[in-house]
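Next comes target02.csv, with CSV, C-alpha atoms and all ligand atoms.
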```
chain,number,residue,atom,x,y,z
A,2,MET,CA,-74.2,-85.9,91.5
A,3,THR,CA,-76.7,-83.9,93.5
A,4,PHE,CA,-77.6,-80.4,94.7
A,5,PRO,CA,-75.9,-77.9,94.5
A,6,THR,CA,-74.2,-79.2,91.3
A,7,VAL,CA,-77.5,-80.5,90.0
A,8,ARG,CA,-80.3,-77.9,89.7
A,9,LEU,CA,-83.3,-79.1,87.7
A,10,ARG,CA,-84.6,-75.6,87.5
A,11,ARG,CA,-81.9,-74.8,85.0
A,12,LEU,CA,-83.8,-76.5,82.2
A,13,ARG,CA,-86.9,-74.5,83.1
A,14,THR,CA,-85.5,-71.1,82.7
A,15,THR,CA,-86.9,-70.0,79.3
A,16,PRO,CA,-89.8,-71.0,77.2
A,17,THR,CA,-87.5,-72.1,74.4
A,18,LEU,CA,-85.5,-74.4,76.6
A,19,ARG,CA,-88.7,-75.8,78.2
A,20,ALA,CA,-90.0,-76.5,74.7
A,21,MET,CA,-86.8,-78.3,73.7
A,22,VAL,CA,-86.8,-80.7,76.6
A,23,ARG,CA,-90.6,-81.3,76.6
A,24,GLU,CA,-91.1,-85.1,76.6
A,25,THR,CA,-94.7,-85.2,75.3
A,26,THR,CA,-96.1,-83.6,72.3
A,27,LEU,CA,-99.7,-82.6,71.6
A,28,SER,CA,-101.1,-81.7,68.2
A,29,PRO,CA,-104.3,-81.9,66.3
A,30,ALA,CA,-102.7,-84.8,64.4
A,31,HIS,CA,-103.6,-87.0,67.4
A,32,PHE,CA,-107.3,-86.0,67.6
A,33,VAL,CA,-110.5,-87.8,66.7
A,34,TYR,CA,-113.6,-85.6,66.8
A,35,PRO,CA,-116.9,-87.3,67.6
A,36,LEU,CA,-120.0,-86.3,65.6
A,37,PHE,CA,-123.6,-87.0,66.5
A,38,VAL,CA,-125.8,-87.4,63.4
A,39,VAL,CA,-129.6,-87.2,63.2
A,40,HIS,CA,-132.3,-87.5,60.6
A,41,GLY,CA,-133.9,-84.4,59.3
A,42,ARG,CA,-132.9,-81.2,57.5
A,43,ASP,CA,-130.9,-78.3,58.8
A,44,VAL,CA,-130.9,-79.7,62.3
A,45,GLN,CA,-128.4,-78.4,64.8
A,46,GLU,CA,-129.3,-79.1,68.4
A,47,GLU,CA,-126.9,-78.5,71.2
A,48,ILE,CA,-126.7,-81.3,73.7
A,49,PRO,CA,-127.6,-79.6,77.0
A,50,SER,CA,-125.0,-81.4,79.2
A,51,MET,CA,-122.3,-81.0,76.5
A,52,PRO,CA,-122.1,-77.3,75.6
A,53,GLY,CA,-120.6,-76.8,72.1
A,54,VAL,CA,-121.5,-80.3,71.0
A,55,TYR,CA,-124.4,-80.7,68.6
A,56,ARG,CA,-126.7,-83.3,67.0
A,57,GLN,CA,-126.6,-82.5,63.4
A,58,SER,CA,-128.4,-83.6,60.2
A,59,VAL,CA,-126.5,-85.0,57.3
A,60,ASP,CA,-127.0,-81.9,55.2
A,61,ARG,CA,-124.9,-79.9,57.7
A,62,LEU,CA,-122.0,-82.3,57.6
A,63,ALA,CA,-120.1,-80.7,54.6
A,64,ARG,CA,-119.7,-77.5,56.6
A,65,GLU,CA,-118.6,-79.4,59.7
A,66,VAL,CA,-116.1,-81.4,57.7
A,67,GLU,CA,-114.6,-78.2,56.3
A,68,GLU,CA,-114.1,-76.7,59.7
A,69,ILE,CA,-112.6,-79.9,61.1
A,70,SER,CA,-110.3,-80.2,58.1
A,71,ASP,CA,-109.2,-76.6,58.4
A,72,LEU,CA,-108.2,-77.3,62.0
A,73,ARG,CA,-106.1,-80.2,60.7
A,74,ILE,CA,-108.0,-82.7,62.7
A,75,PRO,CA,-107.5,-85.9,60.7
A,76,ALA,CA,-110.4,-88.1,61.8
A,77,VAL,CA,-114.0,-88.2,63.1
A,78,ILE,CA,-115.9,-90.9,64.9
A,79,LEU,CA,-119.6,-91.1,64.1
A,80,PHE,CA,-122.6,-91.8,66.3
A,81,GLY,CA,-126.1,-91.9,64.9
A,82,LEU,CA,-129.7,-91.5,66.2
A,83,PRO,CA,-132.0,-93.8,64.1
A,84,ALA,CA,-135.5,-92.8,63.0
A,85,HIS,CA,-136.9,-95.8,65.0
A,86,LYS,CA,-135.5,-98.1,67.6
A,87,ASP,CA,-136.5,-101.8,67.6
A,88,PRO,CA,-135.3,-105.0,69.4
A,89,LEU,CA,-132.6,-105.7,66.8
A,90,GLY,CA,-131.7,-102.2,65.9
A,91,GLU,CA,-132.4,-102.7,62.2
A,92,GLU,CA,-131.3,-99.2,61.1
A,93,ASN,CA,-127.8,-100.0,62.4
A,94,PHE,CA,-127.0,-102.1,59.3
A,95,ALA,CA,-129.4,-100.5,56.8
A,96,ALA,CA,-127.8,-99.4,53.5
A,97,ASN,CA,-129.4,-96.0,53.9
A,98,GLY,CA,-129.2,-95.8,57.7
A,99,ILE,CA,-128.2,-92.6,59.4
A,100,ILE,CA,-124.6,-93.5,59.7
A,101,GLN,CA,-124.3,-94.9,56.2
A,102,GLN,CA,-125.7,-91.6,54.9
A,103,ALA,CA,-123.3,-89.6,57.1
A,104,ILE,CA,-120.3,-91.6,55.9
A,105,ARG,CA,-121.1,-90.9,52.3
A,106,ALA,CA,-121.7,-87.2,52.9
A,107,ILE,CA,-118.4,-86.8,54.8
A,108,LYS,CA,-116.4,-88.7,52.1
A,109,GLN,CA,-118.0,-86.5,49.4
A,110,ALA,CA,-117.0,-83.4,51.3
A,111,ASN,CA,-113.5,-84.6,52.0
A,112,PRO,CA,-112.3,-88.1,51.0
A,113,ASP,CA,-109.1,-87.6,53.1
A,114,LEU,CA,-110.9,-87.1,56.4
A,115,LEU,CA,-110.6,-90.5,58.1
A,116,VAL,CA,-114.0,-91.9,59.1
A,117,ILE,CA,-114.2,-94.1,62.1
A,118,THR,CA,-117.6,-95.7,63.0
A,119,ASP,CA,-118.8,-96.9,66.3
A,120,VAL,CA,-120.1,-100.5,66.0
A,121,CYS,CA,-122.6,-101.2,68.7
A,122,MET,CA,-126.3,-101.9,69.1
A,123,CYS,CA,-127.2,-99.6,72.0
A,124,GLU,CA,-128.1,-96.5,70.0
A,125,TYR,CA,-130.4,-98.5,67.8
A,126,THR,CA,-132.2,-100.9,70.1
A,127,ASP,CA,-135.5,-100.0,71.9
A,128,HIS,CA,-134.1,-101.6,75.1
A,129,GLY,CA,-130.9,-99.6,74.8
A,130,HIS,CA,-128.6,-102.7,75.3
A,131,CYS,CA,-125.5,-103.5,73.3
A,132,GLY,CA,-126.7,-107.0,72.2
A,133,ILE,CA,-129.7,-109.1,71.4
A,134,VAL,CA,-131.8,-109.4,74.6
A,135,HIS,CA,-133.6,-112.6,75.6
A,136,GLU,CA,-135.4,-112.9,78.9
A,137,GLY,CA,-133.5,-110.0,80.3
A,138,GLN,CA,-130.1,-111.4,79.3
A,139,ILE,CA,-127.7,-110.1,76.6
A,140,LEU,CA,-126.9,-113.0,74.3
A,141,ASN,CA,-123.3,-112.9,73.4
A,142,ASP,CA,-122.8,-115.2,70.4
A,143,GLU,CA,-126.1,-114.4,68.8
A,144,THR,CA,-125.1,-110.7,68.8
A,145,LEU,CA,-121.9,-111.3,66.8
A,146,ASP,CA,-123.6,-111.8,63.5
A,147,ILE,CA,-125.3,-108.4,63.7
A,148,LEU,CA,-122.0,-106.7,64.6
A,149,GLY,CA,-120.4,-108.2,61.5
A,150,LYS,CA,-123.3,-106.9,59.4
A,151,VAL,CA,-123.1,-103.4,60.9
A,152,ALA,CA,-119.3,-103.3,60.2
A,153,VAL,CA,-119.7,-104.5,56.6
A,154,SER,CA,-122.5,-101.9,56.0
A,155,HIS,CA,-120.2,-99.1,57.3
A,156,ALA,CA,-117.3,-100.3,55.1
A,157,ALA,CA,-119.6,-100.5,52.1
A,158,ALA,CA,-120.6,-96.9,52.7
A,159,GLY,CA,-117.0,-95.8,52.8
A,160,ALA,CA,-115.8,-96.0,56.4
A,161,ASP,CA,-112.0,-96.4,56.9
A,162,VAL,CA,-112.0,-97.8,60.4
A,163,VAL,CA,-114.7,-99.6,62.4
A,164,ALA,CA,-114.6,-99.4,66.2
A,165,PRO,CA,-116.6,-102.1,68.0
A,166,SER,CA,-117.6,-100.7,71.4
A,167,GLY,CA,-120.0,-103.3,72.8
A,168,MET,CA,-117.6,-105.4,74.9
A,169,ILE,CA,-119.2,-108.5,73.4
A,170,ASP,CA,-116.7,-111.5,73.6
A,171,GLY,CA,-115.5,-112.4,70.2
A,172,MET,CA,-116.6,-109.1,68.5
A,173,VAL,CA,-113.2,-108.4,66.9
A,174,ARG,CA,-112.9,-111.9,65.4
A,175,ALA,CA,-116.5,-111.8,64.1
A,176,ILE,CA,-116.1,-108.4,62.6
A,177,ARG,CA,-112.7,-109.3,61.0
A,178,GLN,CA,-114.2,-112.4,59.4
A,179,ALA,CA,-117.3,-110.5,58.2
A,180,LEU,CA,-115.2,-107.8,56.7
A,181,ASP,CA,-112.8,-110.2,55.0
A,182,ARG,CA,-115.6,-112.3,53.5
A,183,ALA,CA,-117.1,-109.1,52.1
A,184,ASP,CA,-113.7,-108.3,50.6
A,185,PHE,CA,-113.1,-105.3,52.9
A,186,LYS,CA,-109.7,-106.7,54.0
A,187,GLN,CA,-108.2,-103.2,54.1
A,188,ILE,CA,-110.6,-101.8,56.6
A,189,SER,CA,-109.0,-101.6,60.1
A,190,ILE,CA,-110.5,-102.4,63.5
A,191,LEU,CA,-110.0,-100.0,66.4
A,192,SER,CA,-111.3,-102.1,69.2
A,193,TYR,CA,-112.8,-100.5,72.3
A,194,ALA,CA,-110.9,-103.4,74.0
A,195,ILE,CA,-111.0,-101.9,77.4
A,196,LYS,CA,-114.2,-100.2,78.2
A,197,TYR,CA,-115.2,-99.8,81.8
A,198,ALA,CA,-118.8,-99.7,83.1
A,199,SER,CA,-118.3,-96.0,83.9
A,200,SER,CA,-120.7,-93.3,85.1
A,201,PHE,CA,-118.8,-90.8,82.9
A,202,TYR,CA,-120.9,-91.9,79.9
A,203,GLY,CA,-124.0,-90.1,81.3
A,204,PRO,CA,-124.1,-87.1,79.0
A,205,PHE,CA,-123.4,-89.3,75.9
A,206,ARG,CA,-126.4,-91.5,76.7
A,207,GLU,CA,-128.5,-88.3,76.9
A,208,ALA,CA,-127.1,-87.2,73.5
A,209,VAL,CA,-128.1,-90.5,71.8
A,210,GLN,CA,-130.9,-91.6,74.1
A,211,SER,CA,-129.1,-94.9,74.7
A,212,ALA,CA,-129.5,-95.5,78.4
A,213,PRO,CA,-130.5,-99.1,79.0
A,214,ALA,CA,-134.3,-99.5,79.6
A,215,PHE,CA,-133.6,-101.9,82.4
A,216,GLY,CA,-130.5,-103.1,84.2
A,217,ASP,CA,-127.0,-101.7,83.4
A,218,ARG,CA,-123.9,-102.6,81.4
A,219,ARG,CA,-122.0,-104.3,84.1
A,220,THR,CA,-122.4,-107.8,82.6
A,221,HIS,CA,-120.3,-106.8,79.6
A,222,GLN,CA,-118.3,-103.6,80.4
A,223,MET,CA,-115.4,-103.9,82.8
A,224,ASP,CA,-115.4,-103.3,86.6
A,225,PRO,CA,-113.6,-100.0,87.2
A,226,ALA,CA,-111.6,-101.8,90.0
A,227,ASN,CA,-109.7,-104.1,87.6
A,228,VAL,CA,-106.5,-103.6,85.6
A,229,ARG,CA,-105.1,-107.1,85.2
A,230,GLU,CA,-108.3,-108.0,83.5
A,231,ALA,CA,-107.8,-105.0,81.1
A,232,LEU,CA,-104.6,-106.6,79.9
A,233,ARG,CA,-106.5,-109.9,79.2
A,234,GLU,CA,-109.1,-108.0,77.3
A,235,ALA,CA,-106.4,-106.3,75.2
A,236,GLN,CA,-104.6,-109.6,74.6
A,237,LEU,CA,-107.7,-111.3,73.4
A,238,ASP,CA,-108.5,-108.5,70.9
A,239,VAL,CA,-104.9,-108.5,69.7
A,240,ASP,CA,-105.2,-112.3,69.1
A,241,GLU,CA,-108.6,-111.8,67.3
A,242,GLY,CA,-107.0,-109.3,64.9
A,243,ALA,CA,-107.5,-105.8,66.3
A,244,ASP,CA,-105.3,-103.2,64.5
A,245,MET,CA,-105.6,-100.6,67.3
A,246,LEU,CA,-106.7,-100.7,70.9
A,247,MET,CA,-108.8,-98.3,72.9
A,248,VAL,CA,-109.0,-97.5,76.6
A,249,LYS,CA,-112.2,-95.8,77.8
A,250,PRO,CA,-112.7,-93.6,79.7
A,251,ALA,CA,-109.3,-91.8,79.8
A,252,LEU,CA,-108.9,-89.6,82.8
A,253,ALA,CA,-109.7,-91.9,85.7
A,254,TYR,CA,-107.9,-94.7,83.8
A,255,LEU,CA,-104.5,-93.2,83.0
A,256,ASP,CA,-102.8,-96.0,84.8
A,257,VAL,CA,-104.6,-98.5,82.5
A,258,ILE,CA,-103.5,-96.6,79.4
A,259,GLN,CA,-99.9,-96.8,80.7
A,260,ARG,CA,-100.1,-100.5,81.4
A,261,VAL,CA,-101.5,-101.2,78.0
A,262,ARG,CA,-98.9,-99.0,76.4
A,263,ASP,CA,-96.1,-100.9,78.2
A,264,ARG,CA,-97.4,-104.3,77.2
A,265,PHE,CA,-98.6,-103.9,73.6
A,266,ASP,CA,-97.0,-102.4,70.5
A,267,LEU,CA,-100.3,-101.6,68.7
A,268,PRO,CA,-101.4,-98.0,68.4
A,269,ILE,CA,-103.3,-97.1,71.6
A,270,ALA,CA,-106.3,-94.7,71.6
A,271,ALA,CA,-107.9,-93.2,74.6
A,272,TYR,CA,-111.5,-91.9,74.8
A,273,ASN,CA,-111.8,-88.7,76.7
A,274,VAL,CA,-115.5,-89.3,77.3
A,275,SER,CA,-118.6,-87.1,77.6
A,276,GLY,CA,-118.7,-86.8,81.4
A,277,GLU,CA,-115.0,-85.8,81.4
A,278,TYR,CA,-115.9,-83.0,78.9
A,279,SER,CA,-119.0,-81.9,80.8
A,280,MET,CA,-117.1,-81.5,84.1
A,281,ILE,CA,-114.6,-79.2,82.5
A,282,LYS,CA,-117.2,-77.2,80.6
A,283,ALA,CA,-119.3,-76.8,83.7
A,284,ALA,CA,-116.5,-75.6,85.9
A,285,ALA,CA,-115.3,-73.3,83.2
A,286,ALA,CA,-118.7,-71.8,82.7
A,287,GLN,CA,-118.7,-70.9,86.4
A,288,GLY,CA,-115.3,-69.3,86.0
A,289,TRP,CA,-113.8,-71.9,88.4
A,290,LEU,CA,-111.3,-73.2,85.9
A,291,ASP,CA,-109.3,-71.8,83.0
A,292,GLU,CA,-110.8,-73.9,80.2
A,293,ARG,CA,-108.0,-73.6,77.7
A,294,ARG,CA,-105.2,-74.4,80.2
A,295,VAL,CA,-107.1,-77.3,81.8
A,296,VAL,CA,-108.0,-78.8,78.5
A,297,LEU,CA,-104.5,-78.7,77.1
A,298,GLU,CA,-103.1,-80.1,80.4
A,299,THR,CA,-105.6,-82.9,80.3
A,300,LEU,CA,-105.0,-83.9,76.8
A,301,THR,CA,-101.2,-83.7,77.3
A,302,ALA,CA,-101.6,-86.0,80.4
A,303,ILE,CA,-103.5,-88.6,78.2
A,304,ARG,CA,-100.7,-88.5,75.7
A,305,ARG,CA,-98.1,-88.7,78.5
A,306,ALA,CA,-99.8,-91.8,79.8
A,307,GLY,CA,-99.2,-93.4,76.4
A,308,ALA,CA,-102.1,-92.8,74.1
A,309,ASP,CA,-101.2,-92.2,70.4
A,310,ILE,CA,-104.7,-91.1,69.6
A,311,ILE,CA,-107.2,-89.2,71.6
A,312,LEU,CA,-111.0,-89.2,70.9
A,313,THR,CA,-112.2,-85.9,72.4
A,314,TYR,CA,-115.1,-83.5,72.3
A,315,HIS,CA,-112.5,-80.7,73.0
A,316,ALA,CA,-110.7,-81.5,69.6
A,317,LYS,CA,-111.8,-78.4,67.8
A,318,ASP,CA,-111.1,-76.0,70.6
A,319,ALA,CA,-107.8,-77.6,71.4
A,320,ALA,CA,-106.8,-77.5,67.8
A,321,ARG,CA,-107.5,-73.8,67.7
A,322,TRP,CA,-105.6,-73.2,70.8
A,323,LEU,CA,-102.6,-75.2,69.6
A,324,MET,CA,-102.6,-73.4,66.3
A,325,ALA,CA,-102.5,-70.0,68.1
A,326,THR,CA,-99.5,-71.1,70.2
A,327,GLU,CA,-97.5,-72.5,67.2
A,401,LIG,C1,-121.5,-97.3,72.9
A,401,LIG,C2,-120.7,-96.1,73.2
A,401,LIG,C3,-120.9,-95.3,74.4
A,401,LIG,C4,-119.9,-94.3,74.3
A,401,LIG,C5,-119.2,-94.5,73.1
A,401,LIG,N1,-119.7,-95.6,72.5
A,401,LIG,C6,-121.8,-95.4,75.5
A,401,LIG,C7,-122.0,-96.5,76.4
A,401,LIG,O1,-121.2,-97.4,76.5
A,401,LIG,O2,-123.0,-96.5,77.1
A,401,LIG,C8,-119.7,-93.3,75.3
A,401,LIG,C9,-118.9,-92.1,74.9
A,401,LIG,C10,-118.9,-90.9,75.8
A,401,LIG,O3,-119.4,-91.0,76.9
A,401,LIG,O4,-118.4,-89.9,75.4
A,401,LIG,N2,-122.1,-97.2,71.6
```
Output the structure of this file as structure tokens.
Ligand code: PBG
Amino acid sequence: MTFPTVRLRRLRTTPTLRAMVRETTLSPAHFVYPLFVVHGRDVQEEIPSMPGVYRQSVDRLAREVEEISDLRIPAVILFGLPAHKDPLGEENFAANGIIQQAIRAIKQANPDLLVITDVCMCEYTDHGHCGIVHEGQILNDETLDILGKVAVSHAAAGADVVAPSGMIDGMVRAIRQALDRADFKQISILSYAIKYASSFYGPFREAVQSAPAFGDRRTHQMDPANVREALREAQLDVDEGADMLMVKPALAYLDVIQRVRDRFDLPIAAYNVSGEYSMIKAAAAQGWLDERRVVLETLTAIRRAGADIILTYHAKDAARWLMATE
């Protein structure tokens, strides 16, 4: 059967029909909203390269949680700026560290909001690297203990899901063992299994002042040219006990999301990262793009590629726009 009997335009004639045959759904139920938390009182500083995204103090989180919950966004992921940075990033696993305080404040405001924490060293270390540094090298196995301690401290504060993001070999296994030993067997691991050494993280590093003091992250994050290696990374993390897998960034890596979706049956998350957000915001501010349409198209594309979950700074705006079109 072919034209003129077959006419694909028939199914596009009305909005109702288009909605009925739409293959991909987008709703706030898939979103995770990232929050940046700082010490202090009544702090709300906009991140210059990320308009609409703020560093906030713990005392402002109850209000933020109410807004997020009203928009029916089910989850947040937390990033913290410590009071001091040091070689081991001590505040990262301190009982009263910035993230531990933030988790408690969020859970107090709404126990049902899912709290995911980023487990990595780079925001806490004075050298800005994701592991213990010795003579200019990132030590892999020595770093695993610290990651386990960080995950346990987040679980103890009330986190639901921990998300190791350092691309340290063995991180999922080490964290699973540490959590289980501390009797946090029910805490799940969302592994940043496939994280590329991407320049799209630039605005995020400005937000948390985590740019490496020397060198770069190419000895642990993946080469953007590789995709078979991504499947090996994913397989290892599955074998080590990851509950969910993440691909990061999202937009330049939709093919990777699709390959991982095809191969694995775990839930897949995609991180629509800071630089991807900044590009759209900058073009929209110039009047060069229709922000609402471009954001919804972008998030739909990430879903179409195969992501179940999208971590995105657009979450609140997108949730508002989706509610308005319901
Ligand atoms: C590491 C981490 C980074 C991001 C999330 N977790 C930065 C990095 O790897 O340098 C980037 C997120 C973004 O760009 O939005 N803790």
- Item | Contacts with ligand LIG 401 (chain A) at most 7 Å, only C-alpha atoms and all ligand atoms counted, listed as a list in words |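 Checked against 7 Å with only C-alpha atoms and all ligand atoms; the hits are Asp119, Val120, Cys121, Met122, Cys123, Glu124, Ser166, Gly167, Phe201, Tyr202, Gly203, Pro204, Phe205, Arg206, Ser211, Ala212, Asn273, Val274, Ser275 and Gly276 of chain A.
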- Rounded to one decimal in Å, what is the spacing between CA of Arg305 in chain A and CA of Ser28 in chain A? 12.8 Å
- Task: Give the answer as one residue: which of A:Leu145, A:Leu27, A:Val33, A:Val7 has the shortest atom-to-atom distance to His315 in chain A, using all atoms listed in the file?
- Result: A:Val33
- Task: Name the residues in contact with Leu290 in chain A at a cut-off of 9 Å, using only C-alpha atoms, excluding same-chain residues fewer than 6 positions from it; report them as a ChimeraX atom specification.
- Result: /A:281-282,284
- Message: Residues near Ala106 in chain A, anyone? I mean within 7 Å using all atoms listed in the file, not counting same-chain ones fewer than 4 positions away, as a list in words.
- Response: Val59, Leu62, Ala63, Gln102 and Ala110 of chain A
- Could you check which of A:Met2, A:Ala319, A:Ala285, A:Leu36 is closest to Thr299 in chain A, using all atoms listed in the file?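 Between A:Met2, A:Ala319, A:Ala285, A:Leu36, the residue approaching Thr299 in chain A most closely is A:Ala319.
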- Task: Could you give me, as a PyMOL selection string, the residues within 9 Å of range 70-84 of chain A, counting only C-alpha atoms and dropping anything in the same chain fewer than 6 positions from it?
- Result: chain A and resi 28-40+56+90+92-93+98-100+103-104+111+113-119+124-125+164+208-210+312+316-317+320-321+324
Mind checking which residues fall within 10 Å of Ile310 in chain A, counting all atoms listed in the file, ignoring those fewer than 3 positions away in the same chain, and posting them as a PDB file with C-alpha atoms, keeping the file's coordinate frame?
```
ATOM      1  CA  PRO A  29    -104.300 -81.900  66.300  1.00  0.00           C
ATOM      2  CA  ALA A  30    -102.700 -84.800  64.400  1.00  0.00           C
ATOM      3  CA  HIS A  31    -103.600 -87.000  67.400  1.00  0.00           C
ATOM      4  CA  PHE A  32    -107.300 -86.000  67.600  1.00  0.00           C
ATOM      5  CA  VAL A  33    -110.500 -87.800  66.700  1.00  0.00           C
ATOM      6  CA  MET A 245    -105.600-100.600  67.300  1.00  0.00           C
ATOM      7  CA  LEU A 246    -106.700-100.700  70.900  1.00  0.00           C
ATOM      8  CA  MET A 247    -108.800 -98.300  72.900  1.00  0.00           C
ATOM      9  CA  PRO A 268    -101.400 -98.000  68.400  1.00  0.00           C
ATOM     10  CA  ILE A 269    -103.300 -97.100  71.600  1.00  0.00           C
ATOM     11  CA  ALA A 270    -106.300 -94.700  71.600  1.00  0.00           C
ATOM     12  CA  ALA A 271    -107.900 -93.200  74.600  1.00  0.00           C
ATOM     13  CA  TYR A 272    -111.500 -91.900  74.800  1.00  0.00           C
ATOM     14  CA  ILE A 303    -103.500 -88.600  78.200  1.00  0.00           C
ATOM     15  CA  ARG A 304    -100.700 -88.500  75.700  1.00  0.00           C
ATOM     16  CA  GLY A 307     -99.200 -93.400  76.400  1.00  0.00           C
ATOM     17  CA  THR A 313    -112.200 -85.900  72.400  1.00  0.00           C
TER      18      THR A 313
END
```
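Straight-line separation from CA of His221 in chain A to CA of Met168 in chain A: 5.6 Å.
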- A straight line from CA of Ser154 in chain A to CA of Cys131 in chain A spans 17.6 Å
6 Å contact set for Ile188 in chain A, only C-alpha atoms, chain neighbours under 3 positions out, as an mmCIF file with C-alpha atoms, in the frame of the given file:
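Result written to out.cif:
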```cif
data_model
loop_
_atom_site.group_PDB
_atom_site.id
_atom_site.type_symbol
_atom_site.label_atom_id
_atom_site.label_comp_id
_atom_site.auth_asym_id
_atom_site.auth_seq_id
_atom_site.Cartn_x
_atom_site.Cartn_y
_atom_site.Cartn_z
ATOM 1 C CA ASP A 161 -112.000 -96.400 56.900
ATOM 2 C CA VAL A 162 -112.000 -97.800 60.400
ATOM 3 C CA PHE A 185 -113.100 -105.300 52.900
#
```
